[in-house]
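Trainee: Structure below; questions to follow.
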Amino acid sequence: MRVEAARRLLESTDIPLGRVAALCGLGTVEALRRVVRRRTGSAPEAYRRSYRTAP
């Protein structure tokens, strides 16, 4: 659930990663990076960029 919430925020907002982590209950940017990378195969920053540039 937390990862899905983080993915939605990364896809649809420009909220800083620290705030995304806090809103999703992950606490730190490092925790956010770890779980997003595990689920998506890319870092949150790269995930956000790839989603934004997708058609």
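Identifiers for the structure tokens are assigned positionally: chains receive A, B, ... in sequence, residues are indexed from 1 per chain, and ligands are indexed from 1 in the order shown.
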Which of chain A end up as alpha helix (DSSP H) when DSSP is run on this backbone - answer as a VMD selection string?

Mentor: chain A and resid 2 to 12 17 to 23 29 to 40 44 to 53

Trainee: Those selected residues, please, written with C-alpha atoms and delivered as an mmCIF file, in the first residue's frame.

Mentor:
data_model
loop_
_atom_site.group_PDB
_atom_site.id
_atom_site.type_symbol
_atom_site.label_atom_id
_atom_site.label_comp_id
_atom_site.auth_asym_id
_atom_site.auth_seq_id
_atom_site.Cartn_x
_atom_site.Cartn_y
_atom_site.Cartn_z
ATOM 1 C CA ARG A 2 2.767 2.435 0.894
ATOM 2 C CA VAL A 3 4.606 1.775 -2.330
ATOM 3 C CA GLU A 4 1.461 2.257 -4.373
ATOM 4 C CA ALA A 5 0.822 5.570 -2.611
ATOM 5 C CA ALA A 6 4.408 6.635 -3.264
ATOM 6 C CA ARG A 7 4.145 5.663 -6.926
ATOM 7 C CA ARG A 8 0.946 7.671 -7.351
ATOM 8 C CA LEU A 9 2.537 10.726 -5.743
ATOM 9 C CA LEU A 10 5.674 10.388 -7.860
ATOM 10 C CA GLU A 11 3.587 10.046 -11.011
ATOM 11 C CA SER A 12 1.207 12.908 -10.393
ATOM 12 C CA LEU A 17 11.002 13.021 -2.123
ATOM 13 C CA GLY A 18 11.292 13.694 1.601
ATOM 14 C CA ARG A 19 7.677 14.780 1.731
ATOM 15 C CA VAL A 20 6.555 11.803 -0.392
ATOM 16 C CA ALA A 21 8.328 9.483 2.052
ATOM 17 C CA ALA A 22 6.660 11.158 5.027
ATOM 18 C CA LEU A 23 3.192 11.112 3.455
ATOM 19 C CA VAL A 29 14.177 9.327 1.572
ATOM 20 C CA GLU A 30 16.499 6.325 1.894
ATOM 21 C CA ALA A 31 13.564 4.081 2.839
ATOM 22 C CA LEU A 32 11.565 5.484 -0.077
ATOM 23 C CA ARG A 33 14.442 4.809 -2.465
ATOM 24 C CA ARG A 34 14.844 1.258 -1.195
ATOM 25 C CA VAL A 35 11.185 0.240 -1.543
ATOM 26 C CA VAL A 36 10.563 2.021 -4.850
ATOM 27 C CA ARG A 37 13.713 0.529 -6.375
ATOM 28 C CA ARG A 38 12.739 -2.936 -5.138
ATOM 29 C CA ARG A 39 9.256 -2.690 -6.703
ATOM 30 C CA THR A 40 9.971 -0.729 -9.886
ATOM 31 C CA PRO A 44 12.241 7.350 -7.311
ATOM 32 C CA GLU A 45 13.852 10.192 -9.248
ATOM 33 C CA ALA A 46 14.253 8.035 -12.364
ATOM 34 C CA TYR A 47 10.773 6.585 -11.956
ATOM 35 C CA ARG A 48 9.304 10.085 -11.813
ATOM 36 C CA ARG A 49 11.274 11.215 -14.873
ATOM 37 C CA SER A 50 10.333 8.160 -16.921
ATOM 38 C CA TYR A 51 6.685 8.490 -16.043
ATOM 39 C CA ARG A 52 6.631 12.175 -16.922
ATOM 40 C CA THR A 53 8.271 11.626 -20.309
#
